[in-house]
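So the structure is just underneath, and the comments pick up after that.
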Amino acid sequence: MVSMKKVTLKGLLYNLRSSVSTQQRCETEIEETLRPEHFAACKTVRHGFPYQPTAMAYDPVQHLLAVGTKSGSVRIFGRPGVDCHARHEGDVAVIQILFLVNEGAMLTVCSDDIIHLWNLRQKTPEIVHSLKFQRERLTCCHVPFQSKWLYIGTERGNVYVANIESFTLSGYVINWNKAIELSQRTHPGPVVHLSDNPVDSSKLLIGFETGMVTLWDLKVQAVEFRFNNPESLRSVAWHHEGRLFMCGLSDGSLATWNYRKPTEPMCVQIPHAKSTQDGKSDPCKPINKVEWKSTRSGEPYTIFAGGMSYDRAGKNPCITVIHGKSTTVLEMEHHIVDFLSICSTPWNHDFQDPYAIIVLLQNDLVVVDLTTPGYPCFENPYPMDLHESPVTACQYYADCPPDLIPAFYSVGSKQQKKSGFSEKEWPVNGGEWGTPTCSYSEIIITGHADGAVKFWDASVVTLQVLYKVKTAKIFDKHHKVKNPDAMEEDVYAIQHIYLDPESRLLFVAGAMHVILLRYSKQEVTAEVANLEIGITYEVFDDIDSPEYEYPPTRPLLGSLQQKNGSMGSYSSATSDGTKQENITSLKVKSGPRKFSAGYRPDLVCVLTWVDAERPGNITTVSVNSSYGLLSFGNESGLAVVDYLQKTCLLNMGTPDLYGSMDPYQRIPRSPKNRQAEDIQSVPVQGTFSEDCKSPTSDQINGVCMSPTGGKQIKRQHPPELRRTKSQGIRKMQKAQSVASVDIDANGGGGEKDGSMSFSRSRSSSMSSLENISKEAIQCLVFADSYTRKTDSFTCPCLWVGTSLGSVLVIVLNLPPAGEQRMSQPVIVSPSGTIFRLKGAILAMSFLDCNGVLIPTETEQWKDANKDEYKRVAGKQTSVGGNKARMSPTGSTEMCDRQFAIICSEKQARVMSLPSQTCAYKVKVTDTSFVTTAEVVVMKDSVCLACYVANGHLMTFSLPSLKPLMDVDFQPLTDLRIARTFTFSNNGHAIFFCSPNEVQKVAFSSEITDSLNEMLGDLFIPCDAPEPPKQGFFKNLFGGGSSTLDREQLFGENSGKASKGLAKHMPGGMAQLQTAAAVGTSEIARAKMAAIERGEKLGELEMRSAAMMDKAKTYKESSHSLAQQYKDKKWYQF
């Protein structure tokens, strides 16, 4: 009996839809070449000034400089191009750094009372050992030159000794109660200084915070001399002969002591004190650090920080250099963290002959030349001026045109007219460069709070400034807008950057202005054109009226340009209007101006106040040199500008872009009620008519609403409409069941006060109330694409992504190229095609039918004085006005010829065009949200790269959206990371890990595998300088340096350290070696057991063989005996 399958109408429709969708797809499958093994994520190099520095050290033999920070980072600098970054686990401050001079090792003392030993003999430093103090807080440490013993001072005033090789404590301890006199009843305070006598290493100088200094005899284990300073002690420095030492005190004085005369100091001087009328000295600031360096040819140098008179309050901090009778005060721009002098020898008992001073400031690194009169500074070769003005935006372009860097450098070198620097070479010149493995150029562009835009050469592992543009000079001096709603902010700050590498067009935006800049090799005298635009949206009181159908035919632009704001949403307020002056945050300087070679402003658009309300911040920008158009969106709407004709083509609020296809019912609100920011949204089902829906649209995600789906909508000019202006937020009722998004007042991801919650609520309830603010424009892409399902040809269009997950397509009707392009208007009209996704739209891109990325059509830059612009024909065919572009496929059948890649905060979709069906989709994250997404080129293919707020770095193949990589990479601990994380081609990315530093990232296994070759070497094996030769009389009378057998003093003979005082923690290679040793021992044990078992089996086999032989012999004997008696009778036996 044959069973009959039940046929339903729903099933028939589903089968019909499937068959239609199948016919619309191309039969050929796209071969994807990217595999998971092609991806691996790691941090490569870090550039910029170390943020919040706390400590510094220098290796005088290897010529390396190390800087520690408050967050636990350590940057090691060598010659320009040698820059290494290491980091401690946890957020701990580095309080002291000590180099094991010429040993390829470094010690760091952290605020969590752990001492770490780093191995610098490899390109990426690693911690070898750690020593955790559990009972006492660490204050300072000291390691003598070519010694394996470390002196450790604590907050309780005790001094311990540790072996650097084994990283264990010795039993030798100097307790604070033994260092003070028996009659002293007070605690001497924490240890603030430790150093051995330059000529007698058996004498250890211990300085306490209260001012007491003790000379401890290590051999006798007793105090030899005690020195009592009248004020608190900050620093101590020895003279190279070992007889005198100098103390820097809290009252700004320098006390010099002879260590054999402890009763009173030889000399006490207050270098910067001024005598008052009564003969007393003015109080001075503490001398935080002092150094006393001798020279062979003359007077010694006394160098100290602080000590200035308090009457200089508010003035810059200073470094004072006293050489002979001359006193030089070097003013610094920032707070002094630390300083040290660079000497020609590492031996303390030799003439030091200092030739430079390294000064670590809170926001800068300064190196002073001591050998040149006037003490000029060396020009810093490191890119430490990233934060010269706070970085507010950045862009990264890998594999850019090779002529771009030389072009920027040629105009930038003319700007850099620096004078007053030392002519000598930079003294920190240790390490060796790595081997570059990337042949292409990389450029980083940074925007700053003062309106500056900087271009950086970021090729391989270096960073060098190329060129700087100052956009603030375009405007008149900032005038405060007399408006209570006006926010106090830096109006010049650059918030968005867009560079077209081929045409060299630069498009930047501030909070309420955009600037288009052109590149020129020669000086140009021109007047800056400017437009004043007020983006508003208007609500139809009778929005549900059958007389108003979407989309209305846009009036001719020629008539609109003559009317200053007469057409509501379509108005463009130009600067040459005769009406009352608009309120703007900035005013462009009028009249012709001379611009030097480089970038000059071509057009400036400034947002105006509307109805006395501040315009929303600009959220995204885009420009296309082939179309001659630019666009930008803010928290309220979109503007499209023809920068060739200097006219505004489209100026429309986001809700107006939908027309009758609006998924929200917009209810007008009184302009007076502008205080409420949160609006309730009630989901309503069945609002759309069936005529407006595509038969293949997904009702929940990826909704595609096109007027071509079903009955065609009648298009006509609406009658005179009653409109109510309201730039504020309006009530919205949801028309379909999509996930809710809580977006801040800046438009879903923007921020004004720098604070942001990294958790965003998503509600799946159909009846829950939602708070929805303005629908901001989040993403803009110019492209040649299909706008409707029935299209057979591509046409210029603008794809618009919003903060509520909508993607709208706007058609651009361009006049023919040439004179007509400059005289006839560009027609801009919404196409009616809408896609819906969950979360704000972050990225959009396009692939052809073969899965190859379709580049943005652009023009090749040519010198304006020599050649005209040429269109890049290798990427797309020329755009000739409204000339139709054929799809790449030559097939005449209806087949999808393009893929649109759309990525939002929650999901990614690949839409087939022109059928507008969802070919592939993937849910990127459920519990978090994507902060940055980009379609990038990699290994002659393309992929979608995403950085998620939970710290994950993810990549997906295209067009199938198969996961290729998902690694827990960088936690989103700071909003700055989300704002500055930028992907680029070939597996590169960057983000600003601090206000001062940019971190480069690689997510290509090819780059990560060759990273070790690209990085420079820190340690270069070399011989240490010979110790100074002692004279005959010094040796005869005992004036020379003496050696100390520290192994005998601090070794096993000293006993064991107190149990529980410190804990040894192996790390890095030591931990691996321990694990390897354990594994080796286990393998050896198993091998021995197997051998023993084999031996026993061998013995058993031998016994079995012997038994077989005996059995055979017995058999033979029995057989012979049986044969012998076989024929005999019984009576014969």
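To be explicit about the labels: the chains of the structure tokens are called A, B, and onward in the order shown, and within each one the residues are counted from 1, while ligands get numbers from 1 in the order they are shown.
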
10 Å contact set for A:Val924, only C-alpha atoms, chain neighbours under 5 positions out, as a list in words: Cys903, Ser904, Glu905, Lys906, Gln907, Ala908, Phe929, Val930, Cys946, Val948, Met954, Thr955, Phe956, Leu961 and Pro963 of chain A

Selection near stretch 911-919 of chain A, 6 Å with only C-alpha atoms, sequence-local residues under 4 positions removed, as a ChimeraX atom specification: /A:786,789,896,898-900

Shell around A:Thr371 at 10 Å using only C-alpha atoms, local window under 3 positions removed, as a PyMOL selection string: chain A and resi 353-356+368+374-376+422+424

What does the file look like for those residues with N, CA, C and O atoms, as a PDB file, in the first residue's frame?
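Saved result, result-v6.pdb, follows:
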```
ATOM      1  N   ASP A 353      83.098  60.720  33.295  1.00  0.00           N
ATOM      2  CA  ASP A 353      83.011  61.540  32.084  1.00  0.00           C
ATOM      3  C   ASP A 353      81.617  61.486  31.462  1.00  0.00           C
ATOM      4  O   ASP A 353      81.420  60.971  30.356  1.00  0.00           O
ATOM      5  N   PRO A 354      80.604  62.026  32.128  1.00  0.00           N
ATOM      6  CA  PRO A 354      79.244  61.978  31.568  1.00  0.00           C
ATOM      7  C   PRO A 354      79.156  62.822  30.304  1.00  0.00           C
ATOM      8  O   PRO A 354      79.763  63.887  30.198  1.00  0.00           O
ATOM      9  N   TYR A 355      78.395  62.331  29.339  1.00  0.00           N
ATOM     10  CA  TYR A 355      78.242  63.073  28.085  1.00  0.00           C
ATOM     11  C   TYR A 355      76.782  63.346  27.732  1.00  0.00           C
ATOM     12  O   TYR A 355      76.498  64.014  26.735  1.00  0.00           O
ATOM     13  N   ALA A 356      75.849  62.838  28.528  1.00  0.00           N
ATOM     14  CA  ALA A 356      74.435  63.122  28.256  1.00  0.00           C
ATOM     15  C   ALA A 356      73.622  62.850  29.513  1.00  0.00           C
ATOM     16  O   ALA A 356      74.039  62.090  30.404  1.00  0.00           O
ATOM     17  N   VAL A 368      69.757  65.340  27.081  1.00  0.00           N
ATOM     18  CA  VAL A 368      70.522  66.588  27.055  1.00  0.00           C
ATOM     19  C   VAL A 368      71.975  66.270  26.735  1.00  0.00           C
ATOM     20  O   VAL A 368      72.567  65.341  27.302  1.00  0.00           O
ATOM     21  N   GLY A 374      75.941  75.177  26.115  1.00  0.00           N
ATOM     22  CA  GLY A 374      74.529  75.503  26.135  1.00  0.00           C
ATOM     23  C   GLY A 374      73.633  74.328  26.437  1.00  0.00           C
ATOM     24  O   GLY A 374      72.431  74.500  26.631  1.00  0.00           O
ATOM     25  N   TYR A 375      74.220  73.138  26.478  1.00  0.00           N
ATOM     26  CA  TYR A 375      73.482  71.905  26.792  1.00  0.00           C
ATOM     27  C   TYR A 375      72.228  71.760  25.930  1.00  0.00           C
ATOM     28  O   TYR A 375      71.107  71.729  26.434  1.00  0.00           O
ATOM     29  N   PRO A 376      72.384  71.660  24.595  1.00  0.00           N
ATOM     30  CA  PRO A 376      71.191  71.449  23.753  1.00  0.00           C
ATOM     31  C   PRO A 376      70.668  70.028  23.918  1.00  0.00           C
ATOM     32  O   PRO A 376      71.354  69.133  24.422  1.00  0.00           O
ATOM     33  N   SER A 422      71.108  69.251  19.239  1.00  0.00           N
ATOM     34  CA  SER A 422      72.504  68.848  19.174  1.00  0.00           C
ATOM     35  C   SER A 422      72.798  68.200  17.827  1.00  0.00           C
ATOM     36  O   SER A 422      71.954  67.498  17.263  1.00  0.00           O
ATOM     37  N   LYS A 424      75.087  65.969  17.398  1.00  0.00           N
ATOM     38  CA  LYS A 424      75.654  64.639  17.617  1.00  0.00           C
ATOM     39  C   LYS A 424      74.566  63.571  17.500  1.00  0.00           C
ATOM     40  O   LYS A 424      73.379  63.859  17.556  1.00  0.00           O
TER      41      LYS A 424
END
```

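Between A:Ile834 and the residues A:Asp217, A:Asp662, A:Glu442, A:Asp940, the shortest atom-to-atom distance, using only C-alpha atoms, involves A:Asp662.
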
Neighbour list for stretch 600-602 of chain A as a list in words, cut-off 6 Å, only C-alpha atoms, skip fewer than 3 positions in-chain: Leu516, Leu517, Arg518 and Val528 of chain A

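Ranking A:Phe408, A:Tyr397, A:Phe981, A:Trp433 by their shortest atom-to-atom distance to A:Lys454, with only C-alpha atoms included, puts A:Phe408 first.
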
Neighbour list for A:Ala452 as a ChimeraX atom specification, cut-off 9 Å, only C-alpha atoms, skip fewer than 2 positions in-chain: /A:389,446-450,454,468-472,492-494

File of the preceding selection, C-alpha atoms, as an mmCIF file, in the first residue's frame:
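Output contents, as saved in part.cif:
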```cif
data_model
loop_
_atom_site.group_PDB
_atom_site.id
_atom_site.type_symbol
_atom_site.label_atom_id
_atom_site.label_comp_id
_atom_site.auth_asym_id
_atom_site.auth_seq_id
_atom_site.Cartn_x
_atom_site.Cartn_y
_atom_site.Cartn_z
ATOM 1 C CA SER A 389 47.725 66.665 21.153
ATOM 2 C CA THR A 446 45.880 60.137 13.382
ATOM 3 C CA GLY A 447 43.428 62.916 14.126
ATOM 4 C CA HIS A 448 43.993 65.085 17.180
ATOM 5 C CA ALA A 449 42.040 67.288 19.565
ATOM 6 C CA ASP A 450 43.618 70.490 18.219
ATOM 7 C CA LYS A 454 49.313 63.445 11.141
ATOM 8 C CA LYS A 468 51.134 67.153 9.465
ATOM 9 C CA VAL A 469 48.029 69.116 8.473
ATOM 10 C CA LYS A 470 46.565 71.777 10.765
ATOM 11 C CA THR A 471 42.859 72.106 10.036
ATOM 12 C CA ALA A 472 42.231 74.650 12.794
ATOM 13 C CA TYR A 492 38.459 71.432 16.286
ATOM 14 C CA ALA A 493 38.926 67.781 17.335
ATOM 15 C CA ILE A 494 39.048 65.313 14.442
#
```

Nearest to A:Val109 by atom-to-atom distance, counting only C-alpha atoms, from A:Pro663, A:Pro1027, A:Gly81, A:His142: A:His142

Near-A:Ile30 list (9 Å; only C-alpha atoms; drop same-chain fewer than 6 positions) as a PyMOL selection string: chain A and resi 849-851+959-960

Filtered DSSP result for stretch 397-512 of chain A, state helix (DSSP H, G or I), as a PyMOL selection string: chain A and resi 404-415+471-474

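Nearest residue to A:Leu808, choosing from A:Arg836, A:Arg1046, A:Lys862, A:Arg1093 and counting only C-alpha atoms: A:Arg836.
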
Contact residues around stretch 609-624 of chain A with only C-alpha atoms at 8 Å, ignoring same-chain residues under 5 positions, as a PyMOL selection string: chain A and resi 483+485-486+496-498+500+507-513+534-536+582-584+629-636+727+746-747+750+776-782+856-858

Strand (DSSP E or B) residues, from DSSP on the backbone, in stretch 368-482 of chain A, as an MDAnalysis selection string: chainID A and resid 368:369 377 391:400 421 432 441:448 452:457 464:470 475

Print the selection's residues with N, CA, C and O atoms to a file, as a compact mmCIF listing (two decimals), in the first residue's frame.
```txt
# COMPACT_ATOMS: atom_id res chain seq x y z
N VAL A 368 69.76 65.34 27.08
CA VAL A 368 70.52 66.59 27.05
C VAL A 368 71.98 66.27 26.74
O VAL A 368 72.57 65.34 27.30
N ASP A 369 72.55 67.04 25.83
CA ASP A 369 73.95 66.89 25.44
C ASP A 369 74.82 67.71 26.38
O ASP A 369 74.75 68.94 26.40
N CYS A 377 69.44 69.81 23.46
CA CYS A 377 68.83 68.48 23.51
C CYS A 377 69.08 67.73 22.21
O CYS A 377 69.21 68.34 21.15
N VAL A 391 45.02 62.07 20.84
CA VAL A 391 44.54 61.39 19.65
C VAL A 391 43.04 61.14 19.79
O VAL A 391 42.58 60.56 20.78
N THR A 392 42.27 61.58 18.81
CA THR A 392 40.81 61.43 18.84
C THR A 392 40.29 60.53 17.74
O THR A 392 39.13 60.12 17.77
N ALA A 393 41.12 60.20 16.73
CA ALA A 393 40.69 59.33 15.64
C ALA A 393 41.93 58.76 14.97
O ALA A 393 43.02 59.34 15.05
N CYS A 394 41.77 57.61 14.31
CA CYS A 394 42.90 57.04 13.58
C CYS A 394 42.38 56.15 12.46
O CYS A 394 41.27 55.63 12.52
N GLN A 395 43.20 56.01 11.43
CA GLN A 395 42.94 55.10 10.31
C GLN A 395 44.25 54.42 9.94
O GLN A 395 45.33 54.98 10.13
N TYR A 396 44.12 53.21 9.39
CA TYR A 396 45.29 52.38 9.09
C TYR A 396 45.14 51.85 7.68
O TYR A 396 44.10 51.26 7.34
N TYR A 397 46.16 52.05 6.84
CA TYR A 397 46.12 51.60 5.46
C TYR A 397 47.37 50.78 5.18
O TYR A 397 48.48 51.32 5.07
N ALA A 398 47.21 49.46 5.10
CA ALA A 398 48.30 48.57 4.73
C ALA A 398 48.22 48.29 3.24
O ALA A 398 47.12 48.25 2.67
N ASP A 399 49.37 48.07 2.63
CA ASP A 399 49.46 47.82 1.19
C ASP A 399 48.88 48.98 0.40
O ASP A 399 48.10 48.80 -0.54
N CYS A 400 49.27 50.20 0.80
CA CYS A 400 48.81 51.39 0.09
C CYS A 400 49.72 51.63 -1.13
O CYS A 400 50.77 51.00 -1.27
N PHE A 421 68.84 71.82 18.11
CA PHE A 421 69.16 70.49 18.60
C PHE A 421 70.65 70.22 18.48
O PHE A 421 71.37 70.85 17.70
N GLU A 432 70.12 45.60 17.38
CA GLU A 432 70.26 45.50 15.93
C GLU A 432 68.87 45.40 15.31
O GLU A 432 67.94 44.87 15.90
N SER A 441 53.89 49.07 1.69
CA SER A 441 53.89 50.25 2.55
C SER A 441 52.68 50.24 3.46
O SER A 441 51.63 49.73 3.11
N GLU A 442 52.85 50.83 4.63
CA GLU A 442 51.76 50.95 5.60
C GLU A 442 51.74 52.39 6.12
O GLU A 442 52.78 52.96 6.41
N ILE A 443 50.54 52.94 6.22
CA ILE A 443 50.37 54.32 6.68
C ILE A 443 49.33 54.35 7.79
O ILE A 443 48.29 53.70 7.70
N ILE A 444 49.64 55.07 8.85
CA ILE A 444 48.69 55.35 9.93
C ILE A 444 48.40 56.85 9.91
O ILE A 444 49.32 57.67 9.83
N ILE A 445 47.12 57.19 9.95
CA ILE A 445 46.71 58.60 10.01
C ILE A 445 46.02 58.82 11.35
O ILE A 445 45.11 58.07 11.71
N THR A 446 46.47 59.82 12.08
CA THR A 446 45.88 60.14 13.38
C THR A 446 45.26 61.53 13.35
O THR A 446 45.83 62.46 12.78
N GLY A 447 44.08 61.63 13.94
CA GLY A 447 43.43 62.92 14.13
C GLY A 447 43.54 63.34 15.58
O GLY A 447 43.48 62.49 16.48
N HIS A 448 43.68 64.61 15.84
CA HIS A 448 43.99 65.09 17.18
C HIS A 448 42.98 66.14 17.65
O HIS A 448 42.23 66.71 16.85
N ALA A 452 44.66 68.82 14.30
CA ALA A 452 45.77 68.38 13.46
C ALA A 452 45.52 66.97 12.95
O ALA A 452 44.89 66.15 13.61
N VAL A 453 46.05 66.70 11.76
CA VAL A 453 46.02 65.36 11.16
C VAL A 453 47.47 65.00 10.82
O VAL A 453 48.14 65.74 10.10
N LYS A 454 47.93 63.87 11.35
CA LYS A 454 49.31 63.45 11.14
C LYS A 454 49.35 62.15 10.33
O LYS A 454 48.54 61.25 10.53
N PHE A 455 50.33 62.10 9.43
CA PHE A 455 50.56 60.91 8.61
C PHE A 455 51.86 60.25 9.09
O PHE A 455 52.89 60.92 9.23
N TRP A 456 51.80 58.92 9.29
CA TRP A 456 52.92 58.16 9.83
C TRP A 456 53.26 57.00 8.89
O TRP A 456 52.38 56.30 8.41
N ASP A 457 54.55 56.82 8.68
CA ASP A 457 55.02 55.63 7.96
C ASP A 457 55.13 54.50 8.97
O ASP A 457 56.00 54.51 9.85
N GLN A 464 57.33 56.42 11.77
CA GLN A 464 58.01 57.69 11.53
C GLN A 464 57.01 58.69 11.00
O GLN A 464 56.23 58.39 10.09
N VAL A 465 57.02 59.89 11.56
CA VAL A 465 56.09 60.92 11.13
C VAL A 465 56.49 61.41 9.74
O VAL A 465 57.69 61.58 9.44
N LEU A 466 55.49 61.58 8.87
CA LEU A 466 55.73 62.03 7.51
C LEU A 466 55.29 63.46 7.27
O LEU A 466 56.01 64.26 6.67
N TYR A 467 54.09 63.78 7.77
CA TYR A 467 53.47 65.04 7.36
C TYR A 467 52.39 65.39 8.37
O TYR A 467 51.80 64.51 9.01
N LYS A 468 52.13 66.67 8.51
CA LYS A 468 51.13 67.15 9.47
C LYS A 468 50.29 68.24 8.83
O LYS A 468 50.81 69.16 8.20
N VAL A 469 48.98 68.12 8.98
CA VAL A 469 48.03 69.12 8.47
C VAL A 469 47.32 69.74 9.66
O VAL A 469 46.82 69.03 10.54
N LYS A 470 47.25 71.06 9.70
CA LYS A 470 46.57 71.78 10.77
C LYS A 470 45.26 72.34 10.22
O LYS A 470 45.24 73.34 9.52
N PHE A 475 39.68 77.92 10.13
CA PHE A 475 38.57 78.60 10.79
C PHE A 475 39.05 79.84 11.53
O PHE A 475 40.22 79.98 11.87
```
